[in-house]
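The file my_file.cif contains mmCIF, C-alpha atoms:
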```
data_data
#
loop_
_atom_site.label_atom_id
_atom_site.label_comp_id
_atom_site.auth_asym_id
_atom_site.auth_seq_id
_atom_site.Cartn_x
_atom_site.Cartn_y
_atom_site.Cartn_z
CA MET J 27 0.00 0.00 0.00
CA TYR J 28 2.86 2.37 0.90
CA LYS J 29 4.55 1.79 -2.44
CA LEU J 30 1.31 2.48 -4.29
CA LEU J 31 0.82 5.78 -2.48
CA LEU J 32 4.43 6.70 -3.11
CA LEU J 33 4.04 6.08 -6.82
CA LEU J 34 0.86 8.15 -6.94
CA PHE J 35 2.59 11.00 -5.10
CA LEU J 36 5.53 10.98 -7.49
CA GLY J 37 3.15 10.98 -10.43
CA ALA J 38 1.53 14.17 -9.15
CA LEU J 39 4.75 15.92 -8.13
CA ILE J 40 6.89 14.87 -11.05
CA THR J 41 5.11 14.79 -14.36
CA SER J 42 7.79 12.57 -15.90
CA CYS J 43 10.96 10.70 -15.01
CA ASN J 44 13.47 9.15 -17.36
CA SER J 45 12.72 5.43 -17.16
CA ASP J 46 15.32 2.66 -17.36
CA VAL J 47 18.16 5.05 -18.18
CA ASP J 48 21.69 3.99 -17.35
CA THR J 49 23.60 7.10 -16.22
CA GLY J 50 26.86 5.38 -15.34
CA GLU J 51 26.95 5.14 -11.55
CA PHE J 52 23.19 5.51 -11.22
CA VAL J 53 20.28 3.39 -12.45
CA VAL J 54 17.26 5.66 -12.49
CA GLY J 55 13.57 5.51 -13.28
CA SER J 56 10.27 4.70 -11.66
CA ASP J 57 10.69 0.97 -12.34
CA TYR J 58 13.33 0.86 -9.60
CA LEU J 59 11.39 2.59 -6.82
CA SER J 60 10.96 -0.69 -4.97
CA VAL J 61 14.69 -1.28 -4.66
CA ASN J 62 16.36 -0.28 -1.38
CA ASN J 63 19.14 2.33 -1.43
CA LYS J 64 18.12 3.53 -4.83
CA VAL J 65 18.89 6.71 -6.74
CA ILE J 66 16.24 8.23 -8.95
CA LEU J 67 16.52 11.04 -11.47
CA ILE J 68 13.93 13.78 -11.08
CA ASP J 69 13.95 16.02 -14.13
CA THR J 70 10.66 17.93 -14.08
CA LEU J 71 10.58 19.78 -10.79
CA THR J 72 9.19 23.27 -11.35
CA VAL J 73 11.81 25.97 -11.97
CA ASP J 74 10.57 29.57 -11.97
CA VAL J 75 12.65 31.98 -14.05
CA SER J 76 12.47 35.78 -13.98
CA THR J 77 14.44 38.94 -14.74
CA ILE J 78 15.54 41.38 -12.05
CA ASN J 79 17.23 44.76 -12.09
CA LEU J 80 20.04 44.82 -9.55
CA ASP J 81 20.66 47.98 -7.59
CA SER J 82 23.36 50.36 -8.83
CA LEU J 83 26.61 48.69 -9.92
CA ILE J 84 29.99 50.13 -8.93
CA THR J 85 31.75 51.19 -12.14
CA SER J 86 34.65 53.15 -10.64
CA SER J 87 38.05 51.46 -10.13
CA GLN J 88 37.36 49.09 -13.04
CA LYS J 89 40.33 50.41 -15.08
CA ARG J 90 38.37 50.63 -18.33
CA ILE J 91 37.09 53.63 -20.27
CA LEU J 92 33.87 52.31 -21.82
CA VAL J 93 32.40 54.41 -24.64
CA GLY J 94 29.81 53.91 -27.36
CA ASN J 95 26.23 52.87 -28.02
CA TYR J 96 24.26 50.25 -29.88
CA ASP J 97 20.65 49.33 -30.44
CA ASP J 98 20.12 45.77 -29.21
CA PRO J 99 17.21 43.90 -30.84
CA TYR J 100 16.21 42.29 -27.53
CA PHE J 101 17.45 44.57 -24.75
CA GLY J 102 17.00 48.07 -26.15
CA LYS J 103 19.37 51.01 -26.59
CA VAL J 104 22.63 50.60 -24.67
CA LYS J 105 24.97 53.54 -24.09
CA SER J 106 28.12 54.24 -22.10
CA ASP J 107 29.91 57.53 -21.36
CA SER J 108 33.11 57.72 -19.34
CA TYR J 109 34.11 60.31 -16.71
CA PHE J 110 37.57 60.74 -15.24
CA GLN J 111 39.94 63.01 -13.41
CA LEU J 112 43.46 63.62 -14.71
CA SER J 113 46.64 64.47 -12.87
CA SER J 114 50.37 64.55 -13.42
CA SER J 115 53.51 63.44 -11.66
CA GLY J 116 54.63 67.08 -11.66
CA TYR J 117 53.38 70.50 -12.68
CA THR J 118 56.37 72.07 -14.36
CA LEU J 119 57.01 72.16 -18.08
CA ASN J 120 60.45 70.62 -17.94
CA THR J 121 61.79 69.47 -14.59
CA ASP J 122 65.29 69.05 -16.00
CA ASN J 123 65.70 72.78 -16.46
CA SER J 124 65.27 75.83 -14.32
CA ASP J 125 62.42 78.32 -14.58
CA THR J 126 64.79 80.68 -16.42
CA ASP J 127 64.09 78.61 -19.54
CA ALA J 128 60.35 79.31 -19.33
CA PRO J 129 60.29 82.29 -21.74
CA ASN J 130 61.63 79.98 -24.43
CA TYR J 131 58.71 77.52 -24.14
CA VAL J 132 55.84 77.83 -26.63
CA PHE J 133 52.62 75.89 -26.95
CA ASP J 134 52.17 73.59 -29.97
CA SER J 135 49.04 71.42 -29.54
CA ILE J 136 47.14 69.13 -27.18
CA ARG J 137 45.61 65.71 -27.85
CA MET J 138 43.72 62.96 -26.07
CA ILE J 139 45.31 59.59 -26.84
CA LEU J 140 42.92 56.68 -26.22
CA ARG J 141 44.55 53.25 -26.10
CA PRO J 142 42.30 50.24 -26.85
CA ASP J 143 42.14 47.50 -24.22
CA LYS J 144 40.73 44.94 -26.74
CA TYR J 145 37.23 44.89 -25.26
CA TYR J 146 34.27 45.52 -27.56
CA TYR J 147 30.64 44.52 -27.88
CA GLY J 148 28.43 44.88 -30.91
CA ASP J 149 29.19 45.50 -34.58
CA THR J 150 32.49 47.37 -34.96
CA THR J 151 32.22 47.75 -38.75
CA LYS J 152 30.27 51.00 -38.42
CA VAL J 153 31.85 54.39 -37.79
CA GLN J 154 31.58 55.76 -34.27
CA THR J 155 31.89 59.41 -33.20
CA ILE J 156 32.94 60.50 -29.73
CA SER J 157 33.11 63.94 -28.19
CA ILE J 158 35.20 65.14 -25.24
CA HIS J 159 33.83 67.69 -22.78
CA ARG J 160 35.26 69.53 -19.80
CA LEU J 161 33.72 68.72 -16.42
CA LEU J 162 32.13 71.47 -14.37
CA GLN J 163 32.23 69.41 -11.17
CA LYS J 164 35.13 67.77 -9.41
CA VAL J 165 35.23 63.99 -9.69
CA LYS J 166 34.04 63.40 -6.15
CA PRO J 167 31.50 60.80 -4.92
CA ASN J 168 28.49 61.66 -2.85
CA VAL J 169 28.86 62.22 0.88
CA ASP J 170 29.57 59.02 2.87
CA ASP J 171 30.49 57.09 -0.26
CA THR J 172 33.73 56.29 -2.01
CA ASN J 173 32.33 54.86 -5.24
CA PHE J 174 30.71 55.87 -8.50
CA TYR J 175 27.98 53.76 -10.10
CA ASN J 176 26.54 52.90 -13.50
CA ASP J 177 23.93 55.65 -13.00
CA SER J 178 26.39 58.27 -11.69
CA SER J 179 27.00 61.42 -13.72
CA LEU J 180 28.61 64.86 -13.37
CA ASP J 181 27.84 68.24 -14.91
CA TYR J 182 29.91 69.09 -17.97
CA ASP J 183 30.32 71.91 -20.49
CA SER J 184 28.03 71.40 -23.48
CA GLU J 185 30.73 72.82 -25.77
CA SER J 186 33.00 70.09 -27.04
CA LEU J 187 36.77 70.32 -26.58
CA GLY J 188 37.25 67.96 -29.50
CA SER J 189 35.69 65.06 -31.36
CA VAL J 190 36.69 62.29 -33.73
CA SER J 191 34.96 59.75 -35.96
CA PHE J 192 36.59 56.34 -36.26
CA ARG J 193 35.90 52.72 -37.09
CA PRO J 194 36.72 50.71 -33.93
CA LYS J 195 39.65 48.30 -34.19
CA PRO J 196 39.68 46.87 -30.67
CA HIS J 197 42.33 44.23 -31.41
CA SER J 198 44.70 46.78 -32.92
CA LYS J 199 47.42 48.51 -30.96
CA ASP J 200 46.65 51.77 -32.76
CA SER J 201 45.36 54.51 -30.49
CA VAL J 202 42.40 56.74 -31.22
CA VAL J 203 43.68 60.32 -31.19
CA VAL J 204 41.37 63.27 -30.50
CA ASN J 205 42.66 66.77 -31.27
CA ILE J 206 41.72 69.09 -28.41
CA LYS J 207 40.98 72.77 -29.03
CA ASP J 208 44.07 74.96 -28.94
CA VAL J 209 42.33 77.60 -26.81
CA PHE J 210 42.04 75.12 -23.96
CA GLY J 211 45.50 73.66 -24.45
CA ASP J 212 47.20 77.06 -24.56
CA ALA J 213 45.32 78.22 -21.44
CA LEU J 214 46.55 75.14 -19.55
CA PHE J 215 50.06 75.62 -20.91
CA GLN J 216 50.19 79.27 -19.81
CA LYS J 217 48.95 78.42 -16.32
CA ILE J 218 51.81 75.96 -15.86
CA LYS J 219 54.39 78.16 -17.60
CA LYS J 220 53.54 81.15 -15.38
CA ARG J 221 53.60 78.91 -12.26
CA GLU J 222 49.93 79.60 -11.55
CA ILE J 223 49.53 75.82 -11.35
CA THR J 224 52.19 74.16 -9.20
CA ASN J 225 50.34 71.28 -7.53
CA PHE J 226 47.38 68.94 -7.85
CA ASP J 227 44.91 71.14 -5.96
CA GLU J 228 45.64 74.15 -8.16
CA PHE J 229 45.43 71.93 -11.23
CA THR J 230 41.98 70.52 -10.33
CA GLU J 231 40.66 73.98 -9.51
CA PHE J 232 41.40 74.97 -13.11
CA PHE J 233 40.71 71.63 -14.77
CA ARG J 234 38.29 69.26 -12.99
CA GLY J 235 38.33 66.45 -15.53
CA LEU J 236 36.78 65.13 -18.73
CA VAL J 237 33.84 63.11 -19.96
CA ILE J 238 33.94 61.17 -23.22
CA LYS J 239 30.52 60.90 -24.79
CA THR J 240 29.26 58.98 -27.79
CA THR J 241 27.43 61.23 -30.24
CA THR J 242 26.61 58.84 -33.11
CA SER J 243 22.98 57.77 -33.09
CA GLY J 244 23.77 55.07 -35.64
CA SER J 245 26.74 53.58 -33.79
CA SER J 246 26.51 49.86 -33.25
CA SER J 247 29.18 49.05 -30.68
CA ILE J 248 30.70 49.89 -27.33
CA VAL J 249 34.48 49.72 -27.02
CA GLY J 250 36.93 49.76 -24.14
CA PHE J 251 40.01 51.92 -23.75
CA ASN J 252 42.80 51.40 -21.27
CA THR J 253 43.13 53.82 -18.36
CA ALA J 254 46.74 54.24 -19.50
CA SER J 255 45.18 56.63 -22.03
CA VAL J 256 46.65 60.09 -21.72
CA LEU J 257 46.00 63.80 -22.36
CA ARG J 258 49.25 64.93 -23.97
CA LEU J 259 50.38 68.57 -24.15
CA TYR J 260 52.90 69.27 -26.93
CA TYR J 261 55.22 72.26 -26.63
CA SER J 262 58.62 73.41 -27.86
CA LYS J 263 61.70 75.05 -26.46
CA TYR J 264 63.39 77.48 -28.83
CA LEU J 265 67.19 77.83 -28.73
CA GLY J 266 68.38 80.30 -31.30
CA ASN J 267 67.72 78.87 -34.74
CA SER J 268 66.74 75.43 -33.43
CA ASP J 269 63.93 74.07 -31.32
CA GLU J 270 63.34 71.05 -29.12
CA SER J 271 59.95 69.26 -29.06
CA LEU J 272 58.67 68.33 -25.61
CA VAL J 273 55.53 66.78 -24.13
CA LYS J 274 53.67 66.95 -20.83
CA ASP J 275 51.31 64.06 -19.97
CA PHE J 276 48.23 64.09 -17.78
CA ASN J 277 47.13 60.60 -16.72
CA ILE J 278 44.38 58.77 -14.84
CA LEU J 279 46.53 58.11 -11.80
CA ASP J 280 43.63 57.49 -9.40
CA ALA J 281 41.41 54.61 -10.61
CA THR J 282 38.72 55.55 -8.09
CA LYS J 283 38.22 58.81 -10.00
CA GLN J 284 37.24 57.14 -13.28
CA PHE J 285 33.82 55.62 -13.88
CA ASN J 286 31.40 54.70 -16.64
CA ASN J 287 27.80 55.85 -16.88
CA ILE J 288 26.00 52.90 -18.51
CA SER J 289 22.35 53.29 -19.46
CA LEU J 290 19.68 51.13 -21.06
CA ASP J 291 16.56 52.45 -22.76
CA ARG J 292 14.14 49.49 -22.63
CA SER J 293 11.29 51.24 -24.47
CA GLY J 294 9.48 48.90 -26.85
CA THR J 295 11.13 45.74 -25.48
CA LEU J 296 9.73 42.79 -23.53
CA ILE J 297 11.39 44.16 -20.39
CA LYS J 298 10.03 47.71 -20.69
CA ASP J 299 8.01 47.21 -17.48
CA LEU J 300 10.85 45.81 -15.38
CA PRO J 301 10.08 46.66 -11.73
CA VAL J 302 12.37 48.03 -9.03
CA PHE J 303 15.30 45.92 -7.86
CA THR J 304 13.40 44.32 -4.96
CA ASP J 305 10.87 42.76 -7.33
CA HIS J 306 11.08 40.54 -10.41
CA LEU J 307 9.51 40.13 -13.85
CA SER J 308 8.40 36.57 -14.59
CA SER J 309 9.59 34.94 -17.80
CA SER J 310 5.95 34.15 -18.54
CA GLN J 311 5.58 37.89 -19.26
CA THR J 312 8.71 38.16 -21.40
CA GLY J 313 8.21 35.50 -24.04
CA ASN J 314 9.49 32.66 -21.82
CA ASN J 315 12.88 34.37 -21.71
CA ALA J 316 15.05 35.91 -19.02
CA PHE J 317 17.54 38.74 -19.60
CA ILE J 318 21.09 39.10 -18.25
CA GLN J 319 23.38 42.05 -18.99
CA SER J 320 26.57 43.47 -17.58
CA GLY J 321 26.81 47.17 -16.87
CA THR J 322 23.06 47.78 -16.66
CA GLY J 323 22.33 45.40 -13.75
CA LEU J 324 20.01 42.93 -15.48
CA ALA J 325 20.18 39.48 -13.92
CA CYS J 326 18.27 36.20 -14.00
CA ARG J 327 16.54 34.96 -10.84
CA ILE J 328 15.75 31.25 -10.44
CA ASP J 329 13.32 29.87 -7.85
CA PHE J 330 12.38 26.32 -6.87
CA PRO J 331 8.88 26.68 -5.35
CA ASN J 332 8.23 22.93 -4.79
CA ILE J 333 11.63 21.86 -3.50
CA LYS J 334 10.34 21.08 0.02
CA GLN J 335 7.96 18.44 -1.38
CA LEU J 336 10.87 16.17 -2.27
CA LYS J 337 11.44 15.29 1.37
CA TYR J 338 8.18 13.29 1.29
CA ILE J 339 9.49 10.85 -1.30
CA SER J 340 10.86 8.60 1.45
CA ASP J 341 11.30 8.55 5.20
CA LYS J 342 15.04 8.70 4.71
CA GLY J 343 16.42 10.36 1.63
CA ALA J 344 18.64 13.14 0.34
CA ILE J 345 19.61 15.00 -2.80
CA VAL J 346 23.06 13.70 -3.70
CA ASP J 347 23.52 15.92 -6.74
CA ALA J 348 21.64 18.29 -9.00
CA GLN J 349 22.62 19.82 -12.31
CA LEU J 350 21.10 23.07 -13.56
CA ILE J 351 21.53 23.63 -17.29
CA ILE J 352 20.77 27.11 -18.63
CA LYS J 353 20.19 27.37 -22.38
CA PRO J 354 20.86 30.56 -24.39
CA ILE J 355 18.16 31.47 -26.89
CA SER J 356 19.04 30.32 -30.40
CA ASN J 357 19.88 33.13 -32.84
CA SER J 358 20.18 35.69 -30.01
CA TYR J 359 23.98 35.38 -30.03
CA SER J 360 26.45 35.89 -32.87
CA ASP J 361 29.96 37.15 -33.60
CA SER J 362 28.75 40.64 -32.66
CA TYR J 363 26.97 39.40 -29.52
CA PRO J 364 29.12 36.41 -28.44
CA LEU J 365 28.37 34.06 -25.57
CA VAL J 366 30.51 34.51 -22.47
CA ASP J 367 32.27 31.38 -21.24
CA SER J 368 30.62 31.34 -17.78
CA LEU J 369 27.97 32.81 -15.49
CA ARG J 370 28.37 33.89 -11.87
CA VAL J 371 25.94 32.21 -9.47
CA PHE J 372 24.84 33.94 -6.25
CA VAL J 373 22.30 33.23 -3.51
CA ALA J 374 19.67 35.85 -2.65
CA ASP J 375 16.52 36.32 -0.60
CA LYS J 376 13.03 37.14 -1.89
CA LEU J 377 13.96 40.84 -2.15
CA ASN J 378 16.95 39.99 -4.40
CA ARG J 379 19.43 40.86 -1.67
CA ILE J 380 22.54 38.79 -2.41
CA SER J 381 23.87 36.97 0.65
CA GLY J 382 26.82 35.20 -0.91
CA THR J 383 28.01 32.78 -3.53
CA LEU J 384 26.39 29.43 -4.24
CA ASN J 385 28.94 27.36 -2.36
CA SER J 386 29.01 29.72 0.66
CA THR J 387 32.81 29.61 0.77
CA GLY J 388 33.25 33.16 -0.39
CA SER J 389 34.93 32.10 -3.61
CA ALA J 390 33.30 32.62 -6.98
CA THR J 391 30.90 29.99 -8.32
CA TYR J 392 30.38 29.67 -12.05
CA ALA J 393 28.04 27.96 -14.47
CA ILE J 394 30.36 26.82 -17.26
CA LEU J 395 29.48 27.00 -20.95
CA ASN J 396 29.52 23.79 -22.94
CA THR J 397 30.42 24.68 -26.53
CA ASP J 398 30.32 21.18 -28.02
CA THR J 399 28.23 21.80 -31.11
CA ASP J 400 25.79 19.50 -32.81
CA GLU J 401 23.51 19.87 -35.80
CA PHE J 402 20.90 21.89 -33.90
CA ASN J 403 23.15 23.40 -31.17
CA GLU J 404 21.20 21.47 -28.55
CA ASN J 405 24.33 20.86 -26.47
CA ILE J 406 25.15 24.54 -25.99
CA GLY J 407 24.35 25.59 -22.44
CA TYR J 408 25.71 26.59 -19.03
CA LYS J 409 25.91 23.90 -16.35
CA VAL J 410 26.34 24.24 -12.60
CA SER J 411 25.98 21.79 -9.71
CA ILE J 412 23.40 22.95 -7.14
CA GLY J 413 22.81 19.74 -5.16
CA THR J 414 23.94 21.07 -1.79
CA PHE J 415 21.87 24.22 -2.22
CA LEU J 416 18.70 22.25 -3.03
CA GLN J 417 19.28 19.77 -0.21
CA ASN J 418 19.50 22.63 2.29
CA GLU J 419 16.37 24.22 0.84
CA MET J 420 14.50 20.90 0.98
CA ILE J 421 15.20 20.24 4.68
CA LYS J 422 14.88 23.85 5.84
CA LYS J 423 12.31 24.16 8.63
CA SER J 424 11.32 27.75 7.95
CA ASP J 425 8.98 28.76 5.14
CA SER J 426 11.51 31.20 3.68
CA ARG J 427 13.11 30.31 0.35
CA LEU J 428 16.33 31.40 -1.23
CA SER J 429 16.81 32.06 -4.92
CA LEU J 430 19.73 31.77 -7.28
CA ILE J 431 20.88 34.87 -9.16
CA LEU J 432 22.78 34.54 -12.44
CA THR J 433 24.98 37.38 -13.66
CA LEU J 434 27.76 37.76 -16.19
CA PRO J 435 31.32 37.73 -14.79
CA SER J 436 32.40 41.25 -15.83
CA ILE J 437 29.24 42.78 -14.44
CA SER J 438 30.71 46.23 -13.69
CA LYS J 439 33.06 46.80 -16.63
CA ALA J 440 31.31 45.46 -19.72
CA VAL J 441 27.98 45.40 -21.57
CA ASP J 442 27.84 41.73 -22.58
CA ARG J 443 24.36 40.24 -22.48
CA LEU J 444 22.59 36.88 -22.57
CA LEU J 445 19.04 35.75 -23.30
CA VAL J 446 18.03 32.42 -21.70
CA GLY J 447 14.91 30.27 -21.79
CA ASP J 448 12.56 29.03 -19.07
CA GLN J 449 10.88 25.61 -18.77
CA LYS J 450 8.16 26.56 -21.24
CA ASN J 451 10.48 27.94 -23.89
CA SER J 452 9.81 25.89 -27.02
CA ASN J 453 13.43 25.44 -28.10
CA ASN J 454 15.75 26.41 -25.25
CA LYS J 455 14.32 25.02 -22.01
CA ILE J 456 16.15 25.40 -18.74
CA GLN J 457 16.80 21.93 -17.31
CA LEU J 458 17.08 20.69 -13.75
CA LYS J 459 18.30 17.15 -13.09
CA ILE J 460 18.09 16.06 -9.45
CA TYR J 461 19.64 12.80 -8.23
CA TYR J 462 17.76 11.71 -5.11
CA ILE J 463 18.77 8.73 -2.97
CA SER J 464 16.41 6.98 -0.58
CA TYR J 465 17.77 4.57 2.04
#
```

In structure tokens, how does this file's structure come out?
Amino acid sequence: MYKLLLLLFLGALITSCNSDVDTGEFVVGSDYLSVNNKVILIDTLTVDVSTINLDSLITSSQKRILVGNYDDPYFGKVKSDSYFQLSSSGYTLNTDNSDTDAPNYVFDSIRMILRPDKYYYGDTTKVQTISIHRLLQKVKPNVDDTNFYNDSSLDYDSESLGSVSFRPKPHSKDSVVVNIKDVFGDALFQKIKKREITNFDEFTEFFRGLVIKTTTSGSSSIVGFNTASVLRLYYSKYLGNSDESLVKDFNILDATKQFNNISLDRSGTLIKDLPVFTDHLSSSQTGNNAFIQSGTGLACRIDFPNIKQLKYISDKGAIVDAQLIIKPISNSYSDSYPLVDSLRVFVADKLNRISGTLNSTGSATYAILNTDTDEFNENIGYKVSIGTFLQNEMIKKSDSRLSLILTLPSISKAVDRLLVGDQKNSNNKIQLKIYYISY
């Protein structure tokens, strides 16, 4: 009688189990429920998938100038502008000579030299235009904070100091050079030449910093530049009938004073009504998809509403392993929108407050991408072991439930994105395989 009731219960809880499947160490399937010390494979437990919008992401101290924009067919319009403070190792024109040489120095030109760091996202075949503006505020975080975020911004002069149009070549070592207006460069030169600027404080009073903005509405990519990029002042020293060319560099010496403002216009997309970060948007309302994106804070939340019911399978039993397989949506990725090689996995409460990593050791936990291709790309997916997490959730005495949060690894310094399916997605279903032992 007990076995009959157990079978009926499993039929209601689990709509299907793989029958008579040899999985190596395990023999699984309902035909073996009468065998003692058995392991069964449960592969249809309900998995709820949704999209959340994480609270502001820290984008300062990431050591990447991220600039550009593109119109994503699924996510909306993505844009990044970069703000930074500059400084110098010294505020004299030529430290190897005395100030008596100063009358012989003359201003030549000034340029911003942007050095690619090989990061890009989107289609880099189209021309992009960027514009550089002078900041009207010091690069200083809000009171009681030391960070800048993806939604941080500072006031800047609407008049451009210089602009350039270029076709991104992120894998090239060639820098993107922006000619800065001579009127600004000469004013800075004269301040230093006349010793009106002799230290960092005097320098930042005159020149608070720069913002690099994308101005091309038809741009289709966002590219990264190294924070070793430099504002270079060119000047000459005249000696009779000859002259000597010299330079003065202004660098991003303080990584905490550089940040990227990354925005996403979701108008007209399936996630246009995404709620505040303490709530979530079910995949049932977004075409059976969930959305993950670096830089903008989009993440995938996964819940297991029926996990506690598994403890009724037997008087003595446990989850010995569980594999979660997340499938990217076919045709949503390409050479322009490549798949990342892994996903970060965190644990959070019902208000999306992250409490730690999946394994609770403090080290990073990843879902790893399987790239073994087949005719229909059915093998492509991210896999992570969550057995211990589900076991703890199953035996928990309280009614509270924890969720898993999936993000991309470079969440604060990139704009990579991923579209994944839920259990009702017709072609790219999320899969959960639980190995349960009763004894």

Can you pull out the residues contacting Ala374 (chain J)? Cut-off 12 Å, using all atoms listed in the file, and skip same-chain residues under 3 positions away; I want them as a list in words.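 The residues satisfying every condition are Ile78, Leu80, Thr304, Ala325, Cys326, Arg327, Ile328, Asp329, Val371, Leu377, Asn378, Arg379, Ile380, Ser381, Gly382, Thr383, Leu384, Ser386, Phe415, Ser426, Arg427, Leu428, Ser429, Leu430, Ile431 and Leu432 of chain J.
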
Running the PyMOL selection byres ((chain J and resi 118) around 8) on this model by hand, what would come out? Give it as a PyMOL selection string. chain J and resi 116-117+119-121+218-219+221+224

Could you please determine the separation between CA of Asp74 (chain J) and CA of Ser308 (chain J) in Å, to one decimal place? 7.8 Å

Neighbour list for region 155-172 of chain J as an MDAnalysis selection string, cut-off 9 Å, only C-alpha atoms, skip fewer than 3 positions in-chain: chainID J and resid 93:94 109:111 138 178 180:193 204 206 230:231 233:242 245 282:284

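With all atoms listed in the file as the basis for measurement, J:Gly447 is the residue among J:Pro435, J:Gly447, J:Pro354, J:Pro364 that approaches Ala316 (chain J) most closely.
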
Distance CA of Gln335 (chain J)-CA of Leu307 (chain J), one decimal place?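 CA of Gln335 (chain J) sits 25.1 Å away from CA of Leu307 (chain J).
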
List the neighbours of Ser436 (chain J) out to 9 Å using all atoms listed in the file; skip same-chain residues closer than 6 positions along the sequence, and give me the result as a list in words.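 Listed by chain and then number, they are Ser320, Gly321 and Asp442 of chain J.
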
Length of the CA of Val273 (chain J) to CA of Val203 (chain J) vector [Å]: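 Between CA of Val273 (chain J) and CA of Val203 (chain J) the gap works out to 15.2 Å.
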
Using the chain letters and numbers from the file, give me the residues hit by the PyMOL selection byres ((chain J and resi 253-255) around 12), as a PyMOL selection string. chain J and resi 86-92+108-112+137-143+200-204+250-252+256-258+275-286

Could N, CA and C atoms be built for region 74-90 of chain J and written out as a compact mmCIF listing (two decimals), in the frame of the given file?
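The resulting rebuild-v6.txt:
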```txt
# COMPACT_ATOMS: atom_id res chain seq x y z
N ASP J 74 11.08 28.25 -11.59
CA ASP J 74 10.57 29.57 -11.97
C ASP J 74 11.73 30.47 -12.37
N VAL J 75 11.60 31.12 -13.51
CA VAL J 75 12.65 31.98 -14.05
C VAL J 75 12.10 33.40 -14.20
N SER J 76 12.90 34.38 -13.85
CA SER J 76 12.47 35.78 -13.98
C SER J 76 13.68 36.68 -14.20
N THR J 77 13.40 37.93 -14.56
CA THR J 77 14.44 38.94 -14.74
C THR J 77 14.36 39.96 -13.63
N ILE J 78 15.50 40.35 -13.09
CA ILE J 78 15.54 41.38 -12.05
C ILE J 78 16.50 42.48 -12.48
N ASN J 79 16.35 43.62 -11.83
CA ASN J 79 17.23 44.76 -12.09
C ASN J 79 17.99 45.05 -10.81
N LEU J 80 19.24 44.62 -10.75
CA LEU J 80 20.04 44.82 -9.55
C LEU J 80 20.22 46.30 -9.26
N ASP J 81 20.41 46.60 -7.98
CA ASP J 81 20.66 47.98 -7.59
C ASP J 81 21.95 48.46 -8.24
N SER J 82 22.24 49.73 -8.13
CA SER J 82 23.36 50.36 -8.83
C SER J 82 24.66 49.54 -8.73
N LEU J 83 25.36 49.42 -9.85
CA LEU J 83 26.61 48.69 -9.92
C LEU J 83 27.78 49.67 -9.80
N ILE J 84 28.79 49.30 -9.06
CA ILE J 84 29.99 50.13 -8.93
C ILE J 84 30.79 50.05 -10.23
N THR J 85 30.98 51.18 -10.89
CA THR J 85 31.75 51.19 -12.14
C THR J 85 33.06 51.97 -12.02
N SER J 86 33.34 52.53 -10.85
CA SER J 86 34.65 53.15 -10.64
C SER J 86 35.65 52.07 -10.26
N SER J 87 36.94 52.38 -10.43
CA SER J 87 38.05 51.46 -10.13
C SER J 87 38.05 50.21 -11.00
N GLN J 88 37.40 50.25 -12.15
CA GLN J 88 37.36 49.09 -13.04
C GLN J 88 38.48 49.14 -14.09
N LYS J 89 39.18 50.25 -14.18
CA LYS J 89 40.33 50.41 -15.08
C LYS J 89 39.95 50.16 -16.54
N ARG J 90 38.79 50.69 -16.93
CA ARG J 90 38.37 50.63 -18.33
C ARG J 90 37.52 51.84 -18.67
```
